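Q: One file is attached below, query.tsv, containing TSV, C-alpha atoms and all ligand atoms.
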chain	number	residue	atom	x	y	z
A	116	MET	CA	0.00	0.00	0.00
A	117	THR	CA	1.22	3.48	-0.78
A	118	THR	CA	1.62	5.59	2.34
A	119	LEU	CA	0.20	9.01	1.59
A	120	TYR	CA	1.05	10.51	4.94
A	121	GLU	CA	2.32	9.42	8.32
A	122	GLY	CA	1.23	11.59	11.20
A	123	LYS	CA	2.03	11.44	14.89
A	124	SER	CA	-0.84	9.13	15.74
A	125	LYS	CA	-2.09	7.78	12.39
A	126	ILE	CA	-0.92	6.44	9.04
A	127	VAL	CA	-2.86	7.25	5.88
A	128	CYS	CA	-2.57	5.00	2.80
A	129	ALA	CA	-4.29	5.21	-0.58
A	130	GLY	CA	-7.44	3.09	-0.79
A	131	GLU	CA	-8.20	0.73	-3.70
A	132	GLU	CA	-11.03	2.89	-5.00
A	133	PRO	CA	-9.91	6.30	-6.26
A	134	GLY	CA	-10.81	9.07	-3.86
A	135	THR	CA	-10.56	6.83	-0.80
A	136	CYS	CA	-7.91	6.32	1.84
A	137	ILE	CA	-7.16	3.83	4.56
A	138	ILE	CA	-6.37	5.32	7.96
A	139	ARG	CA	-4.67	3.26	10.66
A	140	TYR	CA	-4.47	4.37	14.27
A	141	LYS	CA	-1.07	4.03	15.96
A	142	ASP	CA	-0.31	3.47	19.64
A	143	THR	CA	1.99	6.49	19.76
A	144	ALA	CA	1.11	9.30	22.15
A	145	THR	CA	2.71	12.70	21.65
A	146	ALA	CA	2.43	16.09	23.27
A	147	GLY	CA	4.06	19.45	22.74
A	148	ASP	CA	4.09	18.86	18.96
A	149	GLY	CA	6.00	15.63	19.33
A	150	ALA	CA	8.49	16.85	21.96
A	151	LYS	CA	7.11	14.22	24.36
A	152	LYS	CA	6.52	10.83	22.76
A	153	GLU	CA	5.63	7.39	24.10
A	154	GLU	CA	4.16	4.11	22.90
A	155	LEU	CA	0.98	3.24	24.78
A	156	PRO	CA	0.05	-0.25	23.60
A	157	GLY	CA	-3.68	-0.39	22.95
A	158	LYS	CA	-4.22	3.36	22.59
A	159	GLY	CA	-4.85	3.10	18.84
A	160	ARG	CA	-7.56	0.50	19.35
A	161	LEU	CA	-9.25	2.52	22.11
A	162	ASN	CA	-9.22	5.77	20.13
A	163	ALA	CA	-10.47	4.02	16.99
A	164	ALA	CA	-13.34	2.42	18.92
A	165	ILE	CA	-14.31	5.68	20.62
A	166	SER	CA	-14.00	7.77	17.46
A	167	ASN	CA	-15.95	5.25	15.33
A	168	LYS	CA	-18.77	5.25	17.86
A	169	ILE	CA	-18.87	9.06	17.90
A	170	TYR	CA	-18.73	9.27	14.10
A	171	ALA	CA	-21.66	6.83	13.76
A	172	TYR	CA	-23.68	8.95	16.20
A	173	LEU	CA	-22.83	12.22	14.42
A	174	ALA	CA	-23.60	10.75	10.98
A	175	ALA	CA	-26.96	9.51	12.29
A	176	ASN	CA	-27.60	13.10	13.37
A	177	GLY	CA	-26.91	14.65	9.98
A	178	ILE	CA	-23.20	15.53	10.22
A	179	LYS	CA	-21.28	14.90	6.98
A	180	THR	CA	-18.08	12.95	7.68
A	181	HIS	CA	-15.23	11.31	5.78
A	182	LEU	CA	-15.92	7.85	7.25
A	183	ILE	CA	-16.97	5.22	4.70
A	184	LYS	CA	-16.60	2.09	6.81
A	185	VAL	CA	-14.70	0.49	9.65
A	186	ILE	CA	-12.19	-2.09	8.35
A	187	ASP	CA	-10.86	-3.52	11.62
A	188	ASP	CA	-10.27	-2.42	15.20
A	189	VAL	CA	-7.53	0.06	14.25
A	190	THR	CA	-8.35	0.78	10.60
A	191	ILE	CA	-11.02	2.72	8.72
A	192	LEU	CA	-11.81	3.45	5.09
A	193	ALA	CA	-12.47	7.14	4.49
A	194	LYS	CA	-13.02	9.56	1.66
A	195	GLN	CA	-9.83	11.25	0.63
A	196	ALA	CA	-10.24	14.91	1.48
A	197	GLU	CA	-8.07	17.96	1.18
A	198	ILE	CA	-7.57	18.88	4.82
A	199	VAL	CA	-8.46	22.48	5.65
A	200	PRO	CA	-5.30	23.70	7.43
A	201	VAL	CA	-7.35	25.19	10.25
A	202	GLU	CA	-8.15	23.36	13.49
A	203	VAL	CA	-11.45	24.29	15.07
A	204	ILE	CA	-11.48	24.29	18.87
A	205	VAL	CA	-14.68	24.48	20.89
A	206	ARG	CA	-14.66	25.24	24.62
A	207	ASN	CA	-17.48	24.82	27.12
A	208	VAL	CA	-15.36	25.17	30.27
A	209	ALA	CA	-12.05	27.00	30.76
A	210	ALA	CA	-9.01	24.69	30.60
A	211	GLY	CA	-5.65	24.15	28.94
A	212	SER	CA	-4.19	26.89	26.80
A	213	PHE	CA	-7.27	29.09	27.30
A	214	SER	CA	-6.77	29.10	31.08
A	215	LYS	CA	-3.06	29.77	30.71
A	216	LYS	CA	-3.37	32.50	28.09
A	217	TYR	CA	-6.20	34.44	29.72
A	218	GLY	CA	-5.55	33.70	33.41
A	219	VAL	CA	-8.87	31.95	33.94
A	220	PRO	CA	-8.65	29.03	36.39
A	221	GLU	CA	-9.28	25.58	34.92
A	222	GLY	CA	-12.84	24.48	35.46
A	223	SER	CA	-14.29	28.02	35.41
A	224	ALA	CA	-17.67	28.29	33.75
A	225	LEU	CA	-17.78	30.33	30.53
A	226	ARG	CA	-20.59	32.77	29.77
A	227	ASN	CA	-20.72	31.55	26.20
A	228	THR	CA	-19.30	28.76	24.10
A	229	VAL	CA	-15.89	29.65	22.70
A	230	VAL	CA	-14.91	28.77	19.13
A	231	GLU	CA	-11.25	29.26	18.23
A	232	PHE	CA	-9.21	28.56	15.14
A	233	SER	CA	-5.58	27.56	14.95
A	234	LEU	CA	-3.37	27.14	11.93
A	235	LYS	CA	-2.41	23.50	11.41
A	236	SER	CA	1.39	23.59	11.54
A	237	ASP	CA	3.62	21.58	13.89
A	238	GLU	CA	6.53	23.76	12.85
A	239	LEU	CA	4.75	26.91	14.03
A	240	HIS	CA	3.10	25.10	17.00
A	241	ASP	CA	-0.45	25.52	15.65
A	242	PRO	CA	-0.73	29.28	16.33
A	243	MET	CA	-4.15	30.71	17.07
A	244	ILE	CA	-5.45	32.56	14.01
A	245	ASN	CA	-8.50	34.77	13.45
A	246	ASP	CA	-11.00	34.93	10.59
A	247	SER	CA	-9.39	37.79	8.70
A	248	GLN	CA	-5.95	36.20	9.02
A	249	ILE	CA	-7.29	32.85	7.75
A	250	THR	CA	-8.94	34.39	4.70
A	251	ALA	CA	-5.91	36.67	4.11
A	252	ILE	CA	-3.53	33.72	3.73
A	253	GLY	CA	-6.08	31.65	1.83
A	254	ALA	CA	-6.30	28.83	4.40
A	255	ALA	CA	-10.09	28.92	4.05
A	256	THR	CA	-12.73	31.22	2.57
A	257	ALA	CA	-15.16	33.31	4.62
A	258	GLU	CA	-17.99	30.99	3.48
A	259	GLU	CA	-16.04	27.94	4.62
A	260	LEU	CA	-15.31	29.56	7.99
A	261	ALA	CA	-18.99	30.25	8.55
A	262	GLU	CA	-19.76	26.63	7.74
A	263	LEU	CA	-16.95	25.33	9.99
A	264	ARG	CA	-18.17	27.42	12.89
A	265	ALA	CA	-21.78	26.32	12.48
A	266	ALA	CA	-20.79	22.64	12.11
A	267	ALA	CA	-18.54	22.86	15.18
A	268	LEU	CA	-21.35	24.32	17.31
A	269	GLU	CA	-23.82	21.68	16.13
A	270	ILE	CA	-21.26	18.93	16.85
A	271	ASN	CA	-20.73	20.47	20.30
A	272	ARG	CA	-24.46	20.32	20.98
A	273	LEU	CA	-24.65	16.67	19.93
A	274	LEU	CA	-21.48	15.55	21.73
A	275	THR	CA	-22.28	17.41	24.95
A	276	ALA	CA	-25.55	15.45	25.12
A	277	LEU	CA	-23.87	12.14	24.25
A	278	PHE	CA	-21.19	12.51	26.93
A	279	GLU	CA	-23.63	13.87	29.51
A	280	LYS	CA	-25.57	10.60	29.28
A	281	ALA	CA	-22.27	8.83	30.06
A	282	GLY	CA	-21.66	11.07	33.10
A	283	ILE	CA	-18.86	12.89	31.30
A	284	ARG	CA	-18.42	16.66	30.92
A	285	LEU	CA	-17.20	17.68	27.46
A	286	VAL	CA	-14.84	20.49	28.48
A	287	ASP	CA	-13.33	21.25	25.07
A	288	PHE	CA	-12.30	19.55	21.85
A	289	LYS	CA	-10.58	20.02	18.51
A	290	LEU	CA	-12.04	19.27	15.09
A	291	GLU	CA	-10.59	19.02	11.61
A	292	PHE	CA	-12.42	19.26	8.33
A	293	GLY	CA	-11.58	18.40	4.74
A	294	ARG	CA	-12.85	19.28	1.28
A	295	ALA	CA	-14.14	16.45	-0.92
A	296	ASP	CA	-16.68	16.37	-3.75
A	297	GLY	CA	-17.26	20.10	-3.32
A	298	GLU	CA	-18.29	19.93	0.30
A	299	LEU	CA	-16.77	20.13	3.77
A	300	LEU	CA	-16.56	16.87	5.70
A	301	LEU	CA	-15.64	16.20	9.31
A	302	CYS	CA	-12.27	14.40	9.30
A	303	ASP	CA	-9.77	13.03	11.81
A	304	GLU	CA	-10.55	11.36	15.10
A	305	ILE	CA	-12.74	12.51	17.95
A	306	SER	CA	-11.23	10.75	20.94
A	307	PRO	CA	-9.66	11.41	24.34
A	308	ASP	CA	-6.60	12.55	22.36
A	309	SER	CA	-8.60	15.45	20.92
A	310	CYS	CA	-11.12	16.20	23.69
A	311	ARG	CA	-11.00	17.09	27.37
A	312	LEU	CA	-13.37	14.76	29.20
A	313	TRP	CA	-13.99	15.09	32.93
A	314	ASP	CA	-16.03	12.81	35.15
A	315	MET	CA	-19.16	14.80	36.05
A	316	GLN	CA	-19.17	13.52	39.63
A	317	THR	CA	-15.50	13.53	40.61
A	318	GLY	CA	-13.93	15.88	38.04
A	319	ASP	CA	-11.37	13.15	37.21
A	320	LYS	CA	-9.68	13.60	33.85
A	321	MET	CA	-10.23	10.81	31.31
A	322	ASP	CA	-8.27	12.28	28.42
A	323	LYS	CA	-4.82	13.01	27.05
A	324	ASP	CA	-4.10	15.58	29.78
A	325	ARG	CA	-3.21	12.50	31.88
A	326	PHE	CA	-0.35	11.93	29.42
A	327	ARG	CA	0.53	15.60	28.85
A	328	ARG	CA	0.74	16.19	32.61
A	329	ASP	CA	2.33	12.86	33.61
A	330	MET	CA	-0.64	11.92	35.76
A	331	GLY	CA	-0.53	8.19	34.95
A	332	GLY	CA	-3.58	6.04	34.23
A	333	VAL	CA	-3.84	7.29	30.65
A	334	LEU	CA	-5.27	4.14	29.08
A	335	GLU	CA	-7.46	3.49	32.13
A	336	GLY	CA	-9.11	6.84	31.45
A	337	TYR	CA	-9.61	6.05	27.75
A	338	ARG	CA	-10.99	2.59	28.62
A	339	GLU	CA	-13.46	4.17	31.03
A	340	VAL	CA	-14.68	6.57	28.33
A	341	LEU	CA	-15.25	3.67	25.91
A	342	SER	CA	-17.03	1.51	28.45
A	343	ARG	CA	-19.36	4.36	29.43
A	344	LEU	CA	-20.17	5.12	25.79
A	345	ASP	CA	-20.87	1.41	25.30
A	346	ALA	CA	-23.14	1.18	28.33
B	1	LIG	P1	-5.67	23.57	24.32
B	1	LIG	O1	-6.37	23.97	25.58
B	1	LIG	O2	-4.29	23.01	24.56
B	1	LIG	O3	-5.65	24.66	23.30
B	1	LIG	O4	-6.50	22.37	23.69
B	1	LIG	C1	-7.86	22.52	23.36
B	1	LIG	C2	-8.43	21.19	22.91
B	1	LIG	O5	-7.83	20.76	21.69
B	1	LIG	C3	-8.20	20.05	23.89
B	1	LIG	O6	-9.38	19.28	23.96
B	1	LIG	C4	-7.11	19.22	23.29
B	1	LIG	C5	-7.24	19.48	21.83
B	1	LIG	N1	-5.95	19.51	21.15
B	1	LIG	C6	-5.70	18.65	20.10
B	1	LIG	O7	-6.53	17.82	19.75
B	1	LIG	N2	-4.49	18.75	19.47
B	1	LIG	C7	-3.54	19.64	19.81
B	1	LIG	O8	-2.47	19.67	19.19
B	1	LIG	C8	-3.82	20.53	20.90
B	1	LIG	C9	-2.80	21.54	21.34
B	1	LIG	C10	-5.04	20.44	21.52
B	2	LIG	N1	-1.20	17.04	19.26
B	2	LIG	C1	0.00	17.64	19.76
B	2	LIG	C2	1.14	16.63	19.72
B	2	LIG	O1	0.88	15.51	19.39
B	2	LIG	C3	-0.15	18.28	21.09
B	2	LIG	C4	-1.21	17.85	22.07
B	2	LIG	O2	-2.15	17.14	21.75
B	2	LIG	O3	-1.09	18.29	23.22
B	2	LIG	O4	2.28	16.93	19.99
What's the structure tokens form of this structure?

A:
Amino acid sequence: MTTLYEGKSKIVCAGEEPGTCIIRYKDTATAGDGAKKEELPGKGRLNAAISNKIYAYLAANGIKTHLIKVIDDVTILAKQAEIVPVEVIVRNVAAGSFSKKYGVPEGSALRNTVVEFSLKSDELHDPMINDSQITAIGAATAEELAELRAAALEINRLLTALFEKAGIRLVDFKLEFGRADGELLLCDEISPDSCRLWDMQTGDKMDKDRFRRDMGGVLEGYREVLSRLDA
């Protein structure tokens, strides 16, 4: 198989059918744009299972995604899309870089949902970027940005409800989108690598912050998320 792209946590190969690709989840965990790196055996399978479940739920609720079908427990078949080089971050509760940058303690309630964009670039450490900067450099058009923002808010509404039923607070998350067949599709994983997920009762973290902050119990957290979504 021809490898099209190898990322930090996934490998993308060309699919048999033109316009498709095969994406395989790896067990590698990274933080700080790859500065911290570790193999966590089983992480790929957990993230694939969680993300596939979330994708099925979003698709059933009208969200257009790149997923065609699940091949095995670490592999999916997806539409090949031209990735929009803008990450969309949605925040319901203050945490992470938002807390640090604006001096708002982690866990603080927010008066409104925050939508942020960052430019997808490891080299530049994914700098935050605003609408006029995005359109100025041609990373996306104003029409695309409006669609990305609306899709991100709708996905937030759906995911907040899904996780709430599992006793999990969706604190924040990151989305990526791609262009295929003239439309924007949700791409990439939605997993504890890309979301902050806190136990609603105890506040315990069940996401990649356990790895980023050397808290231990990383895979235990991921396993708990999967088992609650399965319940
Ligand atoms: P942040 O608080 O570090 O900006 O992260 C916001 C959300 O985005 C959080 O749920 C983790 C996720 N995220 C990624 O998926 N990839 C990244 O490279 C970073 C920095 C954050
Ligand atoms: N995704 C980034 C990395 O893999 C950073 C992060 O998720 O914290 O290095």

Q: Residues within 7 Å of ligand LIG 1 (chain B), counting all atoms listed in the file: report them as a VMD selection string.

A: chain A and resid 148 204 210 to 213 287 to 289 308 to 311

Q: Keeping C-alpha atoms for every residue in the selection just given, could you write it to a file as a tab-separated table (two decimals), in the coordinates of the input?

A:
chain	number	residue	atom	x	y	z
A	148	ASP	CA	4.09	18.86	18.96
A	204	ILE	CA	-11.48	24.29	18.87
A	210	ALA	CA	-9.01	24.69	30.60
A	211	GLY	CA	-5.65	24.15	28.94
A	212	SER	CA	-4.19	26.89	26.80
A	213	PHE	CA	-7.27	29.09	27.30
A	287	ASP	CA	-13.33	21.25	25.07
A	288	PHE	CA	-12.30	19.55	21.85
A	289	LYS	CA	-10.58	20.02	18.51
A	308	ASP	CA	-6.60	12.55	22.36
A	309	SER	CA	-8.60	15.45	20.92
A	310	CYS	CA	-11.12	16.20	23.69
A	311	ARG	CA	-11.00	17.09	27.37

Q: Quick one: residues within 8 Å of ligand LIG 2 (chain B), with all atoms listed in the file, as a list in words?

A: Lys123, Ser124, Ala144, Thr145, Ala146, Gly147, Asp148, Gly149, Ala150, Lys151, Lys152, Asp237, Asp308, Ser309, Lys323, Asp324 and Arg327 of chain A

Q: What is the distance, in Å and to one decimal place, between CA of Arg272 (chain A) and CA of Gly293 (chain A)?

A: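 Those two atoms sit 20.8 Å apart.
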
Q: Any idea what the distance is between CA of Thr317 (chain A) and CA of Ser342 (chain A)?

A: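 Going from CA of Thr317 (chain A) over to CA of Ser342 (chain A), I get 17.2 Å.
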
Q: Could you tell me how far CA of Leu263 (chain A) sits from CA of Val203 (chain A), in Å to one decimal place?

A: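 Computing it gives 7.6 Å between the two atoms.
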
Q: Between A:Glu259, A:Leu182, A:Val286, A:Leu273, which one has atoms that come closest to Ala209 (chain A), using all atoms listed in the file?

A: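 Result for the nearest residue to Ala209 (chain A): A:Val286.
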
Q: Can you work out which one of A:Asp296, A:Glu279, A:Glu132, A:Glu197 has the shortest atom-to-atom distance to Ala254 (chain A), counting only C-alpha atoms?

A: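 Of the candidates, the smallest distance to Ala254 (chain A) is held by A:Glu197.
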
Q: Name the residues in contact with Leu285 (chain A) at a cut-off of 10 Å, using all atoms listed in the file, excluding same-chain residues fewer than 6 positions from it; report them as a PyMOL selection string.

A: chain A and resi 205-208+271+274-279+310-315

Q: From (-18.8, 2.5, 0.4), in the file's coordinates, out to 9 Å: which residues are reached, counting only C-alpha atoms? Answer as a PyMOL selection string.

A: chain A and resi 183-184+192-193

Q: Return the single residue from A:Glu269, A:Tyr140, A:Glu202, A:Ile191 that is closest to His240 (chain A), with distances computed using all atoms listed in the file.

A: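 Closest residue, counting all atoms listed in the file: A:Glu202.
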
Q: Taking 3 positions as the minimum chain separation for residues in the same chain, which residues sit within 10 Å of Glu335 (chain A) when counting all atoms listed in the file? Answer as a ChimeraX atom specification.

A: /A:321-322,325,331-332,338-341

Q: Take the residues just selected and output them with C-alpha atoms as a tab-separated table (two decimals), in the frame of the given file.

A:
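The resulting file, part-v5.tsv, is shown below:
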chain	number	residue	atom	x	y	z
A	321	MET	CA	-10.23	10.81	31.31
A	322	ASP	CA	-8.27	12.28	28.42
A	325	ARG	CA	-3.21	12.50	31.88
A	331	GLY	CA	-0.53	8.19	34.95
A	332	GLY	CA	-3.58	6.04	34.23
A	338	ARG	CA	-10.99	2.59	28.62
A	339	GLU	CA	-13.46	4.17	31.03
A	340	VAL	CA	-14.68	6.57	28.33
A	341	LEU	CA	-15.25	3.67	25.91

Q: Between A:Lys125, A:Arg160, A:His181, A:Lys168, which one has atoms that come closest to Arg294 (chain A), using all atoms listed in the file?

A: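 When distances to Arg294 (chain A) are compared using all atoms listed in the file, the smallest one comes from A:His181.
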
Q: Within 9 Å of Glu304 (chain A), counting only C-alpha atoms, which residues show up once you throw out same-chain ones fewer than 5 positions away? Write them as number ranges by chain, please.

A: A: 162-163, 165-167, 170, 290-291, 309

Q: Restricting the calculation to only C-alpha atoms, which member of A:Tyr217, A:Tyr172, A:Phe232, A:Tyr120 is positioned closest to Phe292 (chain A)?

A: A:Phe232

Q: Draw an axis-aligned box tight on the listed atoms of region 219-228 of chain A, then pad every side by 3 Å and write out centre and edge lengths in Å to one decimal as JSON.

A:
{"center_x": -14.7, "center_y": 28.6, "center_z": 30.2, "size_x": 18.1, "size_y": 14.3, "size_z": 18.3}

Q: Return the single residue from A:Ser306, A:Thr180, A:Thr190, A:Gln195 that is closest to Pro133 (chain A), with distances computed using only C-alpha atoms.

A: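 With only C-alpha atoms as the atom set, the closest residue is A:Gln195.
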